[in-house]
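Student: Dropping in final11.txt, which is compact mmCIF, N, CA and C atoms:
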# COMPACT_ATOMS: atom_id res chain seq x y z
N MET A 1142 -7.24 -5.77 -10.19
CA MET A 1142 -6.68 -4.73 -9.37
C MET A 1142 -5.17 -4.96 -9.24
N LYS A 1143 -4.42 -3.96 -9.65
CA LYS A 1143 -2.97 -4.05 -9.55
C LYS A 1143 -2.53 -3.48 -8.20
N LEU A 1144 -1.80 -4.29 -7.46
CA LEU A 1144 -1.42 -3.96 -6.10
C LEU A 1144 0.10 -3.87 -6.00
N LEU A 1145 0.60 -2.72 -5.56
CA LEU A 1145 2.02 -2.51 -5.36
C LEU A 1145 2.31 -2.55 -3.87
N ILE A 1146 3.19 -3.47 -3.45
CA ILE A 1146 3.59 -3.60 -2.05
C ILE A 1146 4.97 -2.96 -1.89
N VAL A 1147 5.10 -2.05 -0.94
CA VAL A 1147 6.38 -1.41 -0.67
C VAL A 1147 6.78 -1.78 0.76
N ASP A 1148 7.69 -2.74 0.86
CA ASP A 1148 8.15 -3.22 2.17
C ASP A 1148 9.49 -3.91 1.99
N ASP A 1149 10.41 -3.67 2.92
CA ASP A 1149 11.76 -4.22 2.77
C ASP A 1149 11.92 -5.62 3.36
N SER A 1150 10.86 -6.18 3.93
CA SER A 1150 10.94 -7.51 4.52
C SER A 1150 10.53 -8.57 3.51
N GLU A 1151 11.41 -9.52 3.25
CA GLU A 1151 11.09 -10.61 2.33
C GLU A 1151 9.94 -11.45 2.88
N ASN A 1152 9.90 -11.64 4.20
CA ASN A 1152 8.81 -12.39 4.83
C ASN A 1152 7.46 -11.71 4.58
N ILE A 1153 7.45 -10.40 4.70
CA ILE A 1153 6.21 -9.65 4.45
C ILE A 1153 5.82 -9.76 2.98
N GLN A 1154 6.79 -9.65 2.09
CA GLN A 1154 6.51 -9.79 0.66
C GLN A 1154 5.87 -11.15 0.34
N THR A 1155 6.42 -12.20 0.93
CA THR A 1155 5.88 -13.55 0.73
C THR A 1155 4.46 -13.64 1.28
N ALA A 1156 4.25 -13.09 2.46
CA ALA A 1156 2.92 -13.11 3.06
C ALA A 1156 1.91 -12.35 2.20
N TRP A 1157 2.33 -11.24 1.60
CA TRP A 1157 1.44 -10.48 0.73
C TRP A 1157 1.02 -11.28 -0.48
N ARG A 1158 1.95 -12.02 -1.04
CA ARG A 1158 1.60 -12.82 -2.22
C ARG A 1158 0.53 -13.84 -1.87
N LYS A 1159 0.66 -14.46 -0.72
CA LYS A 1159 -0.35 -15.44 -0.28
C LYS A 1159 -1.67 -14.75 0.04
N PHE A 1160 -1.58 -13.61 0.71
CA PHE A 1160 -2.77 -12.86 1.09
C PHE A 1160 -3.54 -12.41 -0.15
N CYS A 1161 -2.84 -11.97 -1.15
CA CYS A 1161 -3.45 -11.46 -2.37
C CYS A 1161 -4.23 -12.55 -3.10
N GLN A 1162 -3.84 -13.79 -2.96
CA GLN A 1162 -4.55 -14.88 -3.60
C GLN A 1162 -5.97 -15.04 -3.06
N LEU A 1163 -6.23 -14.50 -1.87
CA LEU A 1163 -7.56 -14.59 -1.26
C LEU A 1163 -8.53 -13.56 -1.82
N ILE A 1164 -8.03 -12.60 -2.58
CA ILE A 1164 -8.85 -11.50 -3.06
C ILE A 1164 -9.04 -11.63 -4.56
N ASN A 1165 -10.29 -11.60 -5.00
CA ASN A 1165 -10.59 -11.71 -6.43
C ASN A 1165 -9.95 -10.58 -7.22
N GLN A 1166 -9.44 -10.91 -8.39
CA GLN A 1166 -8.89 -9.94 -9.32
C GLN A 1166 -7.72 -9.14 -8.74
N CYS A 1167 -6.96 -9.72 -7.84
CA CYS A 1167 -5.83 -9.03 -7.22
C CYS A 1167 -4.53 -9.59 -7.80
N LYS A 1168 -3.67 -8.68 -8.23
CA LYS A 1168 -2.38 -9.09 -8.78
C LYS A 1168 -1.29 -8.19 -8.21
N ILE A 1169 -0.31 -8.79 -7.57
CA ILE A 1169 0.82 -8.02 -7.09
C ILE A 1169 1.73 -7.76 -8.28
N ILE A 1170 2.00 -6.50 -8.54
CA ILE A 1170 2.77 -6.16 -9.72
C ILE A 1170 4.24 -5.93 -9.42
N SER A 1171 4.59 -5.74 -8.17
CA SER A 1171 5.99 -5.49 -7.84
C SER A 1171 6.14 -5.52 -6.33
N GLY A 1172 7.37 -5.58 -5.89
CA GLY A 1172 7.64 -5.56 -4.47
C GLY A 1172 8.87 -4.76 -4.13
N PRO A 1173 8.88 -3.46 -4.46
CA PRO A 1173 10.06 -2.66 -4.17
C PRO A 1173 10.27 -2.48 -2.67
N SER A 1174 11.51 -2.28 -2.29
CA SER A 1174 11.83 -2.19 -0.87
C SER A 1174 12.23 -0.79 -0.44
N ASN A 1175 12.36 0.14 -1.38
CA ASN A 1175 12.72 1.49 -0.97
C ASN A 1175 11.95 2.52 -1.80
N LEU A 1176 12.09 3.76 -1.41
CA LEU A 1176 11.33 4.85 -2.00
C LEU A 1176 11.59 5.04 -3.49
N ASP A 1177 12.85 5.04 -3.88
CA ASP A 1177 13.18 5.26 -5.29
C ASP A 1177 12.63 4.14 -6.18
N LYS A 1178 12.79 2.90 -5.74
CA LYS A 1178 12.26 1.77 -6.52
C LYS A 1178 10.74 1.79 -6.55
N ALA A 1179 10.14 2.22 -5.45
CA ALA A 1179 8.67 2.30 -5.41
C ALA A 1179 8.18 3.32 -6.42
N MET A 1180 8.81 4.49 -6.49
CA MET A 1180 8.38 5.51 -7.43
C MET A 1180 8.58 5.05 -8.88
N ALA A 1181 9.68 4.35 -9.13
CA ALA A 1181 9.91 3.82 -10.48
C ALA A 1181 8.83 2.80 -10.84
N ALA A 1182 8.45 1.96 -9.88
CA ALA A 1182 7.41 0.97 -10.11
C ALA A 1182 6.05 1.64 -10.34
N VAL A 1183 5.77 2.70 -9.62
CA VAL A 1183 4.51 3.43 -9.81
C VAL A 1183 4.46 4.00 -11.22
N ASP A 1184 5.53 4.64 -11.64
CA ASP A 1184 5.57 5.24 -12.98
C ASP A 1184 5.43 4.19 -14.08
N LYS A 1185 6.05 3.05 -13.87
CA LYS A 1185 6.05 2.00 -14.90
C LYS A 1185 4.74 1.22 -14.96
N THR A 1186 4.17 0.90 -13.80
CA THR A 1186 3.05 -0.05 -13.76
C THR A 1186 1.68 0.56 -13.48
N LYS A 1187 1.63 1.78 -13.01
CA LYS A 1187 0.35 2.45 -12.71
C LYS A 1187 -0.57 1.59 -11.85
N PRO A 1188 -0.17 1.32 -10.60
CA PRO A 1188 -0.98 0.45 -9.73
C PRO A 1188 -2.31 1.11 -9.34
N ASP A 1189 -3.28 0.27 -9.02
CA ASP A 1189 -4.55 0.75 -8.50
C ASP A 1189 -4.46 1.03 -7.01
N VAL A 1190 -3.61 0.25 -6.33
CA VAL A 1190 -3.46 0.35 -4.88
C VAL A 1190 -1.98 0.23 -4.53
N ILE A 1191 -1.55 1.05 -3.57
CA ILE A 1191 -0.22 0.92 -2.98
C ILE A 1191 -0.40 0.63 -1.51
N ILE A 1192 0.25 -0.44 -1.05
CA ILE A 1192 0.32 -0.72 0.38
C ILE A 1192 1.77 -0.58 0.77
N SER A 1193 2.02 0.32 1.71
CA SER A 1193 3.40 0.62 2.09
C SER A 1193 3.60 0.53 3.59
N ASN A 1194 4.75 0.01 3.95
CA ASN A 1194 5.22 0.10 5.32
C ASN A 1194 5.50 1.58 5.60
N PHE A 1195 5.48 2.00 6.86
CA PHE A 1195 5.80 3.40 7.14
C PHE A 1195 7.29 3.68 6.91
N ARG A 1196 8.12 2.84 7.45
CA ARG A 1196 9.56 3.05 7.34
C ARG A 1196 10.08 2.33 6.10
N LEU A 1197 10.75 3.09 5.24
CA LEU A 1197 11.31 2.54 4.02
C LEU A 1197 12.83 2.63 4.09
N ALA A 1198 13.51 1.91 3.22
CA ALA A 1198 14.98 1.85 3.27
C ALA A 1198 15.62 3.24 3.14
N ASN A 1199 15.03 4.12 2.37
CA ASN A 1199 15.64 5.44 2.20
C ASN A 1199 14.61 6.56 2.37
N GLY A 1200 13.71 6.38 3.30
CA GLY A 1200 12.70 7.39 3.57
C GLY A 1200 11.55 6.81 4.38
N THR A 1201 10.42 7.48 4.29
CA THR A 1201 9.22 7.02 5.00
C THR A 1201 8.02 7.08 4.07
N ALA A 1202 6.92 6.60 4.55
CA ALA A 1202 5.68 6.69 3.78
C ALA A 1202 5.30 8.15 3.53
N LEU A 1203 5.69 9.04 4.41
CA LEU A 1203 5.41 10.47 4.19
C LEU A 1203 6.13 10.97 2.94
N ASP A 1204 7.37 10.52 2.74
CA ASP A 1204 8.11 10.88 1.53
C ASP A 1204 7.42 10.31 0.30
N LEU A 1205 6.97 9.08 0.40
CA LEU A 1205 6.27 8.43 -0.71
C LEU A 1205 5.01 9.22 -1.07
N LEU A 1206 4.23 9.57 -0.08
CA LEU A 1206 3.00 10.32 -0.32
C LEU A 1206 3.28 11.67 -0.96
N GLN A 1207 4.32 12.33 -0.52
CA GLN A 1207 4.68 13.63 -1.09
C GLN A 1207 5.06 13.48 -2.56
N ARG A 1208 5.82 12.45 -2.87
CA ARG A 1208 6.26 12.24 -4.25
C ARG A 1208 5.13 11.77 -5.16
N LEU A 1209 4.14 11.09 -4.60
CA LEU A 1209 3.01 10.64 -5.41
C LEU A 1209 2.16 11.81 -5.89
N GLY A 1210 2.04 12.83 -5.06
CA GLY A 1210 1.23 13.99 -5.44
C GLY A 1210 -0.26 13.72 -5.36
N GLU A 1211 -1.02 14.55 -6.04
CA GLU A 1211 -2.49 14.48 -5.94
C GLU A 1211 -3.11 13.38 -6.77
N ASP A 1212 -2.56 13.10 -7.92
CA ASP A 1212 -3.11 12.09 -8.81
C ASP A 1212 -2.49 10.74 -8.47
N LYS A 1213 -2.96 10.16 -7.37
CA LYS A 1213 -2.34 8.94 -6.85
C LYS A 1213 -3.37 7.82 -6.77
N PRO A 1214 -2.88 6.59 -6.72
CA PRO A 1214 -3.79 5.47 -6.48
C PRO A 1214 -4.25 5.45 -5.02
N LEU A 1215 -5.09 4.50 -4.68
CA LEU A 1215 -5.45 4.30 -3.29
C LEU A 1215 -4.19 3.92 -2.53
N VAL A 1216 -3.93 4.60 -1.41
CA VAL A 1216 -2.71 4.34 -0.64
C VAL A 1216 -3.08 3.91 0.77
N ILE A 1217 -2.55 2.75 1.15
CA ILE A 1217 -2.76 2.21 2.49
C ILE A 1217 -1.40 2.08 3.15
N ILE A 1218 -1.23 2.72 4.29
CA ILE A 1218 -0.01 2.55 5.08
C ILE A 1218 -0.32 1.44 6.07
N PHE A 1219 0.52 0.43 6.07
CA PHE A 1219 0.32 -0.77 6.90
C PHE A 1219 1.56 -0.93 7.75
N SER A 1220 1.45 -0.64 9.04
CA SER A 1220 2.65 -0.46 9.85
C SER A 1220 2.50 -1.03 11.26
N TYR A 1221 3.65 -1.25 11.89
CA TYR A 1221 3.67 -1.60 13.32
C TYR A 1221 3.63 -0.36 14.19
N TYR A 1222 3.93 0.80 13.63
CA TYR A 1222 3.95 2.05 14.41
C TYR A 1222 2.55 2.38 14.89
N ARG A 1223 2.41 2.56 16.19
CA ARG A 1223 1.10 2.82 16.77
C ARG A 1223 0.97 4.24 17.32
N LYS A 1224 1.93 5.09 17.01
CA LYS A 1224 1.86 6.47 17.49
C LYS A 1224 0.83 7.24 16.66
N SER A 1225 -0.09 7.88 17.37
CA SER A 1225 -1.17 8.58 16.68
C SER A 1225 -0.64 9.73 15.83
N MET A 1226 0.48 10.34 16.21
CA MET A 1226 1.00 11.45 15.41
C MET A 1226 1.49 10.97 14.05
N ILE A 1227 2.01 9.75 13.96
CA ILE A 1227 2.43 9.19 12.67
C ILE A 1227 1.21 8.90 11.81
N LYS A 1228 0.20 8.30 12.42
CA LYS A 1228 -1.03 8.02 11.69
C LYS A 1228 -1.65 9.31 11.16
N LYS A 1229 -1.77 10.32 12.01
CA LYS A 1229 -2.36 11.60 11.60
C LYS A 1229 -1.55 12.25 10.49
N ALA A 1230 -0.24 12.20 10.59
CA ALA A 1230 0.62 12.80 9.56
C ALA A 1230 0.43 12.11 8.21
N CYS A 1231 0.34 10.79 8.22
CA CYS A 1231 0.15 10.04 6.97
C CYS A 1231 -1.20 10.35 6.36
N LEU A 1232 -2.24 10.39 7.15
CA LEU A 1232 -3.57 10.68 6.62
C LEU A 1232 -3.63 12.12 6.09
N LYS A 1233 -3.02 13.04 6.79
CA LYS A 1233 -2.98 14.43 6.33
C LYS A 1233 -2.19 14.56 5.02
N ALA A 1234 -1.15 13.75 4.86
CA ALA A 1234 -0.30 13.80 3.67
C ALA A 1234 -0.95 13.11 2.46
N GLY A 1235 -2.08 12.44 2.67
CA GLY A 1235 -2.79 11.86 1.54
C GLY A 1235 -3.02 10.37 1.58
N ALA A 1236 -2.59 9.68 2.62
CA ALA A 1236 -2.90 8.25 2.73
C ALA A 1236 -4.41 8.09 2.88
N ASP A 1237 -4.94 7.08 2.22
CA ASP A 1237 -6.38 6.82 2.33
C ASP A 1237 -6.71 6.06 3.61
N TYR A 1238 -5.76 5.22 4.04
CA TYR A 1238 -5.93 4.44 5.26
C TYR A 1238 -4.58 4.29 5.95
N PHE A 1239 -4.63 4.16 7.27
CA PHE A 1239 -3.45 3.81 8.06
C PHE A 1239 -3.88 2.65 8.95
N LEU A 1240 -3.34 1.47 8.68
CA LEU A 1240 -3.73 0.26 9.40
C LEU A 1240 -2.53 -0.33 10.13
N TYR A 1241 -2.83 -1.13 11.14
CA TYR A 1241 -1.78 -1.73 11.97
C TYR A 1241 -1.56 -3.20 11.60
N LYS A 1242 -0.31 -3.56 11.40
CA LYS A 1242 0.04 -4.93 11.04
C LYS A 1242 -0.36 -5.93 12.11
N THR A 1243 -0.45 -5.50 13.34
CA THR A 1243 -0.73 -6.42 14.43
C THR A 1243 -2.19 -6.88 14.49
N ASN A 1244 -3.13 -6.07 13.99
CA ASN A 1244 -4.52 -6.49 14.16
C ASN A 1244 -5.49 -6.01 13.08
N ASP A 1245 -5.02 -5.49 11.97
CA ASP A 1245 -5.94 -4.95 10.96
C ASP A 1245 -5.98 -5.74 9.65
N PHE A 1246 -5.57 -7.00 9.65
CA PHE A 1246 -5.60 -7.77 8.41
C PHE A 1246 -7.02 -7.97 7.89
N ASP A 1247 -7.97 -8.18 8.77
CA ASP A 1247 -9.35 -8.34 8.33
C ASP A 1247 -9.87 -7.06 7.71
N ARG A 1248 -9.56 -5.94 8.32
CA ARG A 1248 -9.98 -4.64 7.78
C ARG A 1248 -9.33 -4.39 6.42
N LEU A 1249 -8.06 -4.75 6.30
CA LEU A 1249 -7.35 -4.59 5.04
C LEU A 1249 -8.01 -5.42 3.94
N ARG A 1250 -8.35 -6.64 4.27
CA ARG A 1250 -9.00 -7.50 3.29
C ARG A 1250 -10.35 -6.91 2.85
N GLU A 1251 -11.12 -6.39 3.80
CA GLU A 1251 -12.40 -5.76 3.47
C GLU A 1251 -12.20 -4.59 2.52
N ILE A 1252 -11.21 -3.76 2.80
CA ILE A 1252 -10.94 -2.59 1.96
C ILE A 1252 -10.56 -3.03 0.55
N LEU A 1253 -9.65 -3.99 0.45
CA LEU A 1253 -9.18 -4.44 -0.85
C LEU A 1253 -10.28 -5.13 -1.65
N GLU A 1254 -11.10 -5.93 -1.00
CA GLU A 1254 -12.20 -6.60 -1.71
C GLU A 1254 -13.21 -5.57 -2.23
N ALA A 1255 -13.54 -4.60 -1.41
CA ALA A 1255 -14.49 -3.57 -1.83
C ALA A 1255 -13.92 -2.74 -2.98
N TYR A 1256 -12.66 -2.40 -2.90
CA TYR A 1256 -12.04 -1.59 -3.95
C TYR A 1256 -11.91 -2.38 -5.25
N SER A 1257 -11.61 -3.66 -5.13
CA SER A 1257 -11.53 -4.53 -6.30
C SER A 1257 -12.88 -4.58 -7.02
N LYS A 1258 -13.96 -4.68 -6.28
CA LYS A 1258 -15.31 -4.68 -6.86
C LYS A 1258 -15.62 -3.35 -7.53
N GLN A 1259 -15.19 -2.27 -6.88
CA GLN A 1259 -15.41 -0.93 -7.43
C GLN A 1259 -14.68 -0.77 -8.77
N ILE A 1260 -13.45 -1.25 -8.84
CA ILE A 1260 -12.68 -1.18 -10.08
C ILE A 1260 -13.34 -2.02 -11.17
N ALA A 1261 -13.78 -3.23 -10.80
CA ALA A 1261 -14.41 -4.11 -11.78
C ALA A 1261 -15.69 -3.48 -12.37
N LYS A 1262 -16.45 -2.79 -11.55
CA LYS A 1262 -17.67 -2.14 -12.03
C LYS A 1262 -17.38 -0.99 -12.99
N SER A 1263 -16.26 -0.32 -12.76
CA SER A 1263 -15.96 0.86 -13.58
C SER A 1263 -15.30 0.48 -14.91
N GLU A 1264 -14.91 -0.77 -15.07
CA GLU A 1264 -14.25 -1.19 -16.33
C GLU A 1264 -15.23 -1.60 -17.39
Kindly return the structure encoded in the file as structure tokens.
Tutor:
Amino acid sequence: MKLLIVDDSENIQTAWRKFCQLINQCKIISGPSNLDKAMAAVDKTKPDVIISNFRLANGTALDLLQRLGEDKPLVIIFSYYRKSMIKKACLKAGADYFLYKTNDFDRLREILEAYSKQIAKSE
């Protein structure tokens, strides 16, 4: 499973690399910090999953979702923002999940492990 992390925090990027080691068949393919670099990475690497912070250096996850269009990988927004209107907007725009950085790491791991198994079965 190719995993693209979109977050401008180096600490978060490091944590993702460690977190990904816990999941079978998980490979982080890139770590862009802004919308333009994220879209370039998507075009180049064709990730299976994108995990994005809501706020990006030059836009938001809503902009990312709009640019991804309909034929997109699994998209998880992983954010500190707890406003329900942001969550609803992301889900309406095409995010598959909206999780909170403060308490949803276990849920995120469950999602990624299940999706990794699903990809392995389809190959």
Student: Got a sec to tell me which of chain A DSSP assigns to strand (DSSP E), as a ChimeraX atom specification?
Tutor: /A:1143-1147,1168-1171,1190-1193,1196-1197,1200-1201,1215-1220,1238-1241
Student: Using 7 Å as the limit and counting all atoms listed in the file, can you tabulate each residue of range 1203-1261 of chain A that touches range 1153-1173 of chain A, with its shortest atom-to-atom distance in Å and the two atoms involved, as a Markdown table?
Tutor:
| residue | atom | partner | partner_atom | distance |
| --- | --- | --- | --- | --- |
| A:Leu1253 | C | A:Ile1164 | CA | 6.7 |
| A:Glu1254 | CA | A:Ile1164 | CA | 6.1 |
| A:Ser1257 | CA | A:Asn1165 | C | 6.3 |
Student: Can you work out the spacing between atom C of Thr1201 in chain A and CA of Leu1176 in chain A in Å, to one decimal?
Tutor: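 Distance between the two atoms: 7.3 Å.
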Student: Rounded to one decimal place, report the CA of Leu1205 in chain A-CA of Thr1243 in chain A distance in Å.
Tutor: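 That distance, rounded to one decimal, is 22.3 Å.
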Student: In Å to one decimal, how far is atom C of Gln1207 in chain A from atom N of Glu1264 in chain A?
Tutor: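 That distance, rounded to one decimal, is 27.5 Å.
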Student: Compare A:Arg1208, A:Arg1223, A:Lys1228, A:Lys1143 by their minimum atom-to-atom distance to Val1190 in chain A, counting all atoms listed in the file, and give me the closest one.
Tutor: A:Lys1143
Student: For Asn1194 in chain A, find every residue with an atom within 6.5 Å (counting only N, CA and C atoms), except residues of its own chain fewer than 3 positions away, and show them as a tab-separated table (two decimals) with N, CA and C atoms, in the frame of the given file.
Tutor:
chain	number	residue	atom	x	y	z
A	1147	VAL	N	5.10	-2.05	-0.94
A	1147	VAL	CA	6.38	-1.41	-0.67
A	1147	VAL	C	6.78	-1.78	0.76
A	1148	ASP	N	7.69	-2.74	0.86
A	1148	ASP	CA	8.15	-3.22	2.17
A	1148	ASP	C	9.49	-3.91	1.99
A	1197	LEU	N	10.75	3.09	5.24
A	1197	LEU	CA	11.31	2.54	4.02
A	1197	LEU	C	12.83	2.63	4.09
A	1201	THR	N	10.42	7.48	4.29
A	1201	THR	CA	9.22	7.02	5.00
A	1201	THR	C	8.02	7.08	4.07
A	1202	ALA	N	6.92	6.60	4.55
A	1202	ALA	CA	5.68	6.69	3.78
A	1202	ALA	C	5.30	8.15	3.53
A	1218	ILE	N	-1.23	2.72	4.29
A	1218	ILE	CA	-0.01	2.55	5.08
A	1218	ILE	C	-0.32	1.44	6.07
A	1219	PHE	N	0.52	0.43	6.07
A	1219	PHE	CA	0.32	-0.77	6.90
A	1219	PHE	C	1.56	-0.93	7.75
A	1220	SER	N	1.45	-0.64	9.04
A	1220	SER	CA	2.65	-0.46	9.85
A	1220	SER	C	2.50	-1.03	11.26
Student: Report as number ranges by chain: the residues of range 1153-1219 of chain A with a DSSP assignment of helix (DSSP H, G or I), based on the backbone of this structure.
Tutor: A: 1153-1161, 1176-1186, 1202-1209
Student: Could you tell me which of A:Tyr1241, A:Leu1203, A:Ile1260, A:Phe1246 comes closest to Met1142 in chain A if we count all atoms listed in the file?
Tutor: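 Residue with the minimum atom-to-atom distance to Met1142 in chain A: A:Ile1260.
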Student: In terms of the shortest atom-to-atom distance over only C-alpha atoms, which of A:Gly1235, A:Thr1186, A:Leu1145, A:Asn1244 is closest to Glu1211 in chain A?
Tutor: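 Checking each of A:Gly1235, A:Thr1186, A:Leu1145, A:Asn1244 against Glu1211 in chain A, counting only C-alpha atoms, the winner is A:Gly1235.
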